[in-house]
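Q: To start, I am sharing the structure in question, which I have written as structure tokens.
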Amino acid sequence: MTDAAWKPRLIALDVDGTLLDPDTGRISASVKAAVHRVLADGSRVVVSTGRTVLGVSPVLDELELTSGFALCSNGAVLLDVASREAVSVETFHPAPVLAELVDRLPGVVFAAEDLGTGNRVTAEFPPHQLEGAQRPATVDELAAAPVPRLIASWPGHQPDELAVRLAGVELPSCTYTLDHYEPWVTVTPEGVTKGSALEKLRAELGVLSSDTFAAGDGDNDVEMLRWAAHGVAMGQGPAAVHAAADEVALPVAEDGLAKALGRWFR
């Protein structure tokens, strides 16, 4: 969107690699200030992340957001920011995808989201990777109950190895994305993406589709960037994410999001 008179009114922002620099674990003062200029101008900010409700809460606190909505678990959970309660939750039965990933990724370990409390895990994950309690479970136990989000981690491998192993693979009855920081597959209900969840929220809020903006850096942001009237890919993201965007910003380490938003919000 290049019209000088245009200004976005619904701004969807990824967390890791967009708002937050994974190398520092923090949101810079410049990025935080840019977000608050957006809010002061009357536009809506929707934090849109693959993180769970527990994982996004510290981000909302750091940004000092007190109202509006956040999308968690790649769009499977809509969170009311003020109450920190889930407004809506979409789930899926993970049994088919569990079986497929066990076969394709020898040594894979899983984490199934328990909304608002933590995860059931087939092996312990490093503490910084999952928020909340980790409760041991077998693959069969995970297969028995619907979940909003399933993580498959391939320890001892690199993200590019995982991408090669799953290239062209359609996993059954789900939507999945790959992480470019960790050897992770994030699995959500079939048809649920950040983009689909944002479109539903946009319609409910009465915002024109032409007044939307999104910024992200990962595989799970592609649909969101395509959904937005103006999509911004972060500079450090992979080529496929850049290709889905209208603009490529500077990397997160150089406050690329703040500079991109500064075009309209000063």
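Letters A, B, ... go to the chains of the structure tokens in the order shown; residues in each chain start at 1; ligands are counted from 1 in the same order.
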Using only C-alpha atoms, determine which residues lie at most 10 Å from Gly55 of chain A, disregarding the query and same-chain residues fewer than 2 positions distant; provide the list as a list in words.
A: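 Listing them by chain and then by number gives Thr49, Gly50, Arg51, Thr52, Val53, Ser57, Pro58, Val59, Leu60, Cys72, Ser73, Gly116, Gly118, Gln129, Leu130, Glu131 and Gly132 of chain A.
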Q: What would the file look like if the residues just selected were written as a PDB file, in the first residue's frame with N, CA and C atoms?
A:
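Output file out_33.pdb follows:
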```
ATOM      1  N   THR A  49       0.845 -14.529  17.462  1.00  0.00           N
ATOM      2  CA  THR A  49       2.028 -15.337  17.773  1.00  0.00           C
ATOM      3  C   THR A  49       1.739 -16.829  17.765  1.00  0.00           C
ATOM      4  N   GLY A  50       2.795 -17.594  17.584  1.00  0.00           N
ATOM      5  CA  GLY A  50       2.695 -19.037  17.773  1.00  0.00           C
ATOM      6  C   GLY A  50       2.749 -19.430  19.234  1.00  0.00           C
ATOM      7  N   ARG A  51       3.115 -18.482  20.107  1.00  0.00           N
ATOM      8  CA  ARG A  51       3.174 -18.760  21.541  1.00  0.00           C
ATOM      9  C   ARG A  51       1.778 -19.074  22.105  1.00  0.00           C
ATOM     10  N   THR A  52       1.791 -19.772  23.237  1.00  0.00           N
ATOM     11  CA  THR A  52       0.544 -20.033  23.951  1.00  0.00           C
ATOM     12  C   THR A  52       0.112 -18.796  24.729  1.00  0.00           C
ATOM     13  N   VAL A  53      -1.048 -18.900  25.377  1.00  0.00           N
ATOM     14  CA  VAL A  53      -1.534 -17.819  26.244  1.00  0.00           C
ATOM     15  C   VAL A  53      -0.489 -17.495  27.317  1.00  0.00           C
ATOM     16  N   SER A  57       1.765 -13.763  27.559  1.00  0.00           N
ATOM     17  CA  SER A  57       1.457 -12.857  28.676  1.00  0.00           C
ATOM     18  C   SER A  57       2.624 -11.944  29.055  1.00  0.00           C
ATOM     19  N   PRO A  58       3.875 -12.453  29.170  1.00  0.00           N
ATOM     20  CA  PRO A  58       4.977 -11.553  29.486  1.00  0.00           C
ATOM     21  C   PRO A  58       5.220 -10.504  28.408  1.00  0.00           C
ATOM     22  N   VAL A  59       4.911 -10.847  27.164  1.00  0.00           N
ATOM     23  CA  VAL A  59       5.070  -9.901  26.061  1.00  0.00           C
ATOM     24  C   VAL A  59       4.051  -8.774  26.190  1.00  0.00           C
ATOM     25  N   LEU A  60       2.814  -9.131  26.499  1.00  0.00           N
ATOM     26  CA  LEU A  60       1.773  -8.114  26.707  1.00  0.00           C
ATOM     27  C   LEU A  60       2.135  -7.209  27.875  1.00  0.00           C
ATOM     28  N   CYS A  72      -3.064 -16.278  19.815  1.00  0.00           N
ATOM     29  CA  CYS A  72      -2.050 -17.192  20.325  1.00  0.00           C
ATOM     30  C   CYS A  72      -2.124 -18.514  19.568  1.00  0.00           C
ATOM     31  N   SER A  73      -1.089 -19.314  19.719  1.00  0.00           N
ATOM     32  CA  SER A  73      -1.061 -20.654  19.124  1.00  0.00           C
ATOM     33  C   SER A  73      -1.373 -20.615  17.632  1.00  0.00           C
ATOM     34  N   GLY A 116      -3.724 -22.490  29.160  1.00  0.00           N
ATOM     35  CA  GLY A 116      -3.608 -21.687  30.365  1.00  0.00           C
ATOM     36  C   GLY A 116      -2.807 -22.269  31.494  1.00  0.00           C
ATOM     37  N   GLY A 118       0.000 -25.052  30.775  1.00  0.00           N
ATOM     38  CA  GLY A 118       1.290 -25.565  30.343  1.00  0.00           C
ATOM     39  C   GLY A 118       1.151 -26.530  29.186  1.00  0.00           C
ATOM     40  N   GLN A 129      11.915 -22.904  26.454  1.00  0.00           N
ATOM     41  CA  GLN A 129      11.154 -23.189  25.241  1.00  0.00           C
ATOM     42  C   GLN A 129       9.650 -23.270  25.474  1.00  0.00           C
ATOM     43  N   LEU A 130       9.234 -23.651  26.667  1.00  0.00           N
ATOM     44  CA  LEU A 130       7.813 -23.805  26.952  1.00  0.00           C
ATOM     45  C   LEU A 130       7.455 -23.068  28.235  1.00  0.00           C
ATOM     46  N   GLU A 131       6.326 -22.387  28.218  1.00  0.00           N
ATOM     47  CA  GLU A 131       5.852 -21.692  29.415  1.00  0.00           C
ATOM     48  C   GLU A 131       4.928 -22.604  30.222  1.00  0.00           C
ATOM     49  N   GLY A 132       4.979 -22.488  31.535  1.00  0.00           N
ATOM     50  CA  GLY A 132       4.075 -23.233  32.396  1.00  0.00           C
ATOM     51  C   GLY A 132       4.574 -24.636  32.712  1.00  0.00           C
TER      52      GLY A 132
END
```
Q: Could you please write out, as a VMD selection string, every residue of segment 22-186 of chain A that DSSP assigns to strand (DSSP E)?
A: chain A and resid 26 to 27 44 to 48 69 to 72 77 to 80 85 to 89 109 to 114 118 to 121 133 to 136 150 to 153 175 to 178 184 to 186
Q: Suppose we keep C-alpha atoms; can you now write the selection as a PDB file, in the first residue's frame?
A:
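Wrote it out as selection04.pdb, contents follow:
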```pdb
ATOM      1  CA  ARG A  26      13.674  -8.191  24.931  1.00  0.00           C
ATOM      2  CA  ILE A  27      11.524  -5.672  23.090  1.00  0.00           C
ATOM      3  CA  ARG A  44      -5.742  -1.440  16.924  1.00  0.00           C
ATOM      4  CA  VAL A  45      -2.739  -3.633  17.673  1.00  0.00           C
ATOM      5  CA  VAL A  46      -3.179  -7.405  17.673  1.00  0.00           C
ATOM      6  CA  VAL A  47      -0.187  -9.386  18.919  1.00  0.00           C
ATOM      7  CA  SER A  48      -0.232 -12.494  16.714  1.00  0.00           C
ATOM      8  CA  PHE A  69      -7.000  -8.895  21.553  1.00  0.00           C
ATOM      9  CA  ALA A  70      -4.067 -11.210  20.991  1.00  0.00           C
ATOM     10  CA  LEU A  71      -3.930 -14.266  18.770  1.00  0.00           C
ATOM     11  CA  CYS A  72      -2.050 -17.192  20.325  1.00  0.00           C
ATOM     12  CA  VAL A  77      -6.728 -19.137  20.544  1.00  0.00           C
ATOM     13  CA  LEU A  78      -8.169 -15.611  20.685  1.00  0.00           C
ATOM     14  CA  LEU A  79      -7.218 -13.897  23.932  1.00  0.00           C
ATOM     15  CA  ASP A  80      -8.871 -10.903  25.596  1.00  0.00           C
ATOM     16  CA  GLU A  85      -9.123 -15.026  29.235  1.00  0.00           C
ATOM     17  CA  ALA A  86      -9.565 -17.007  26.017  1.00  0.00           C
ATOM     18  CA  VAL A  87     -12.491 -15.678  23.992  1.00  0.00           C
ATOM     19  CA  SER A  88     -12.452 -18.579  21.542  1.00  0.00           C
ATOM     20  CA  VAL A  89     -10.444 -21.778  21.127  1.00  0.00           C
ATOM     21  CA  VAL A 109       9.396 -35.322  21.060  1.00  0.00           C
ATOM     22  CA  PHE A 110       6.035 -33.627  21.510  1.00  0.00           C
ATOM     23  CA  ALA A 111       4.375 -30.933  23.592  1.00  0.00           C
ATOM     24  CA  ALA A 112       0.573 -30.688  23.551  1.00  0.00           C
ATOM     25  CA  GLU A 113      -0.884 -27.443  24.855  1.00  0.00           C
ATOM     26  CA  ASP A 114      -2.973 -27.494  28.025  1.00  0.00           C
ATOM     27  CA  GLY A 118       1.290 -25.565  30.343  1.00  0.00           C
ATOM     28  CA  ASN A 119       1.917 -28.605  28.174  1.00  0.00           C
ATOM     29  CA  ARG A 120       1.830 -32.373  28.266  1.00  0.00           C
ATOM     30  CA  VAL A 121       5.220 -33.572  26.983  1.00  0.00           C
ATOM     31  CA  ALA A 133       4.060 -26.755  33.760  1.00  0.00           C
ATOM     32  CA  GLN A 134       5.432 -29.693  31.786  1.00  0.00           C
ATOM     33  CA  ARG A 135       3.454 -32.859  32.530  1.00  0.00           C
ATOM     34  CA  PRO A 136       4.876 -36.185  31.293  1.00  0.00           C
ATOM     35  CA  LEU A 150       0.980 -29.393  19.186  1.00  0.00           C
ATOM     36  CA  ILE A 151       4.751 -28.872  19.059  1.00  0.00           C
ATOM     37  CA  ALA A 152       7.054 -31.484  17.559  1.00  0.00           C
ATOM     38  CA  SER A 153      10.724 -30.916  18.387  1.00  0.00           C
ATOM     39  CA  THR A 175      -2.121 -27.037   9.509  1.00  0.00           C
ATOM     40  CA  TYR A 176       1.590 -26.954  10.266  1.00  0.00           C
ATOM     41  CA  THR A 177       4.465 -24.499  10.075  1.00  0.00           C
ATOM     42  CA  LEU A 178       8.216 -24.764  10.634  1.00  0.00           C
ATOM     43  CA  TRP A 184      10.204 -27.334  15.553  1.00  0.00           C
ATOM     44  CA  VAL A 185       6.964 -28.155  13.812  1.00  0.00           C
ATOM     45  CA  THR A 186       3.981 -26.212  15.154  1.00  0.00           C
TER      46      THR A 186
END
```
Q: Counting only C-alpha atoms, which of A:Ala12, A:Asp179, A:Val187, A:Thr193 gets nearest to Gly237 of chain A?
A: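 Of A:Ala12, A:Asp179, A:Val187, A:Thr193, the one nearest Gly237 of chain A is A:Asp179, counting only C-alpha atoms.
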Q: Tell me, which residues of segment 37-260 of chain A carry DSSP helix (DSSP H, G or I), written as a PyMOL selection string?
A: chain A and resi 37-40+53-63+73-75+95-104+139-143+159-165+194-205+209-211+219-227+239-244+252-254+256-260
Q: Excluding Glu247 of chain A and its own-chain neighbours fewer than 5 positions away, which residues fall within 10 Å of it when counting only C-alpha atoms? Please give them as a VMD selection string.
A: chain A and resid 1 215 225 230 to 235 242 260
Q: Convert the current residue selection to file output with all heavy atoms, as a PDB file, in the first residue's frame.
A:
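Generated file (result16.pdb):
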```pdb
ATOM      1  N   MET A   1       0.860  -1.188   0.000  1.00  0.00           N
ATOM      2  CA  MET A   1       0.000   0.000   0.000  1.00  0.00           C
ATOM      3  C   MET A   1       0.896   1.239   0.000  1.00  0.00           C
ATOM      4  O   MET A   1       1.667   1.437   0.932  1.00  0.00           O
ATOM      5  CB  MET A   1      -0.897  -0.005   1.245  1.00  0.00           C
ATOM      6  CG  MET A   1      -1.946   1.109   1.252  1.00  0.00           C
ATOM      7  SD  MET A   1      -3.225   0.939   0.000  1.00  0.00           S
ATOM      8  CE  MET A   1      -4.089  -0.520   0.563  1.00  0.00           C
ATOM      9  N   ALA A 215       3.153  -7.604  10.273  1.00  0.00           N
ATOM     10  CA  ALA A 215       4.609  -7.748  10.221  1.00  0.00           C
ATOM     11  C   ALA A 215       5.004  -9.060  10.872  1.00  0.00           C
ATOM     12  O   ALA A 215       4.490  -9.422  11.940  1.00  0.00           O
ATOM     13  CB  ALA A 215       5.298  -6.580  10.926  1.00  0.00           C
ATOM     14  N   LEU A 225       0.882 -12.251   6.342  1.00  0.00           N
ATOM     15  CA  LEU A 225       1.426 -11.219   5.456  1.00  0.00           C
ATOM     16  C   LEU A 225       0.618 -11.126   4.168  1.00  0.00           C
ATOM     17  O   LEU A 225       0.403 -10.026   3.643  1.00  0.00           O
ATOM     18  CB  LEU A 225       2.896 -11.514   5.153  1.00  0.00           C
ATOM     19  CG  LEU A 225       3.849 -11.476   6.348  1.00  0.00           C
ATOM     20  CD1 LEU A 225       5.257 -11.860   5.925  1.00  0.00           C
ATOM     21  CD2 LEU A 225       3.844 -10.114   7.011  1.00  0.00           C
ATOM     22  N   HIS A 230      -1.075  -4.409   3.693  1.00  0.00           N
ATOM     23  CA  HIS A 230       0.361  -4.121   3.605  1.00  0.00           C
ATOM     24  C   HIS A 230       1.086  -5.062   4.554  1.00  0.00           C
ATOM     25  O   HIS A 230       0.971  -4.960   5.771  1.00  0.00           O
ATOM     26  CB  HIS A 230       0.668  -2.667   3.978  1.00  0.00           C
ATOM     27  CG  HIS A 230       2.082  -2.274   3.684  1.00  0.00           C
ATOM     28  ND1 HIS A 230       2.492  -1.868   2.430  1.00  0.00           N
ATOM     29  CD2 HIS A 230       3.194  -2.251   4.461  1.00  0.00           C
ATOM     30  CE1 HIS A 230       3.793  -1.603   2.457  1.00  0.00           C
ATOM     31  NE2 HIS A 230       4.245  -1.827   3.675  1.00  0.00           N
ATOM     32  N   GLY A 231       1.839  -5.995   3.984  1.00  0.00           N
ATOM     33  CA  GLY A 231       2.584  -6.964   4.782  1.00  0.00           C
ATOM     34  C   GLY A 231       4.065  -6.636   4.787  1.00  0.00           C
ATOM     35  O   GLY A 231       4.649  -6.351   3.738  1.00  0.00           O
ATOM     36  N   VAL A 232       4.661  -6.690   5.971  1.00  0.00           N
ATOM     37  CA  VAL A 232       6.074  -6.364   6.147  1.00  0.00           C
ATOM     38  C   VAL A 232       6.810  -7.590   6.681  1.00  0.00           C
ATOM     39  O   VAL A 232       6.476  -8.105   7.753  1.00  0.00           O
ATOM     40  CB  VAL A 232       6.258  -5.177   7.119  1.00  0.00           C
ATOM     41  CG1 VAL A 232       7.736  -4.950   7.416  1.00  0.00           C
ATOM     42  CG2 VAL A 232       5.638  -3.913   6.538  1.00  0.00           C
ATOM     43  N   ALA A 233       7.811  -8.043   5.940  1.00  0.00           N
ATOM     44  CA  ALA A 233       8.670  -9.143   6.389  1.00  0.00           C
ATOM     45  C   ALA A 233       9.919  -8.561   7.022  1.00  0.00           C
ATOM     46  O   ALA A 233      10.513  -7.603   6.508  1.00  0.00           O
ATOM     47  CB  ALA A 233       9.045 -10.036   5.219  1.00  0.00           C
ATOM     48  N   MET A 234      10.316  -9.135   8.149  1.00  0.00           N
ATOM     49  CA  MET A 234      11.530  -8.666   8.811  1.00  0.00           C
ATOM     50  C   MET A 234      12.767  -9.107   8.028  1.00  0.00           C
ATOM     51  O   MET A 234      12.795 -10.201   7.452  1.00  0.00           O
ATOM     52  CB  MET A 234      11.577  -9.188  10.236  1.00  0.00           C
ATOM     53  CG  MET A 234      10.359  -8.792  11.076  1.00  0.00           C
ATOM     54  SD  MET A 234      10.141  -6.994  11.204  1.00  0.00           S
ATOM     55  CE  MET A 234      11.567  -6.577  12.222  1.00  0.00           C
ATOM     56  N   GLY A 235      13.789  -8.269   8.047  1.00  0.00           N
ATOM     57  CA  GLY A 235      14.951  -8.488   7.200  1.00  0.00           C
ATOM     58  C   GLY A 235      15.672  -9.795   7.412  1.00  0.00           C
ATOM     59  O   GLY A 235      16.243 -10.355   6.466  1.00  0.00           O
ATOM     60  N   HIS A 242       9.939 -13.260   2.821  1.00  0.00           N
ATOM     61  CA  HIS A 242      10.110 -12.008   2.081  1.00  0.00           C
ATOM     62  C   HIS A 242       9.205 -11.982   0.853  1.00  0.00           C
ATOM     63  O   HIS A 242       8.602 -10.957   0.525  1.00  0.00           O
ATOM     64  CB  HIS A 242      11.557 -11.842   1.652  1.00  0.00           C
ATOM     65  CG  HIS A 242      12.497 -11.559   2.774  1.00  0.00           C
ATOM     66  ND1 HIS A 242      13.850 -11.344   2.588  1.00  0.00           N
ATOM     67  CD2 HIS A 242      12.297 -11.452   4.112  1.00  0.00           C
ATOM     68  CE1 HIS A 242      14.425 -11.108   3.750  1.00  0.00           C
ATOM     69  NE2 HIS A 242      13.502 -11.189   4.697  1.00  0.00           N
ATOM     70  N   ALA A 260       9.437   0.665  10.177  1.00  0.00           N
ATOM     71  CA  ALA A 260       8.326   0.432   9.247  1.00  0.00           C
ATOM     72  C   ALA A 260       7.060   1.146   9.707  1.00  0.00           C
ATOM     73  O   ALA A 260       6.370   1.804   8.918  1.00  0.00           O
ATOM     74  CB  ALA A 260       8.070  -1.069   9.112  1.00  0.00           C
TER      75      ALA A 260
END
```
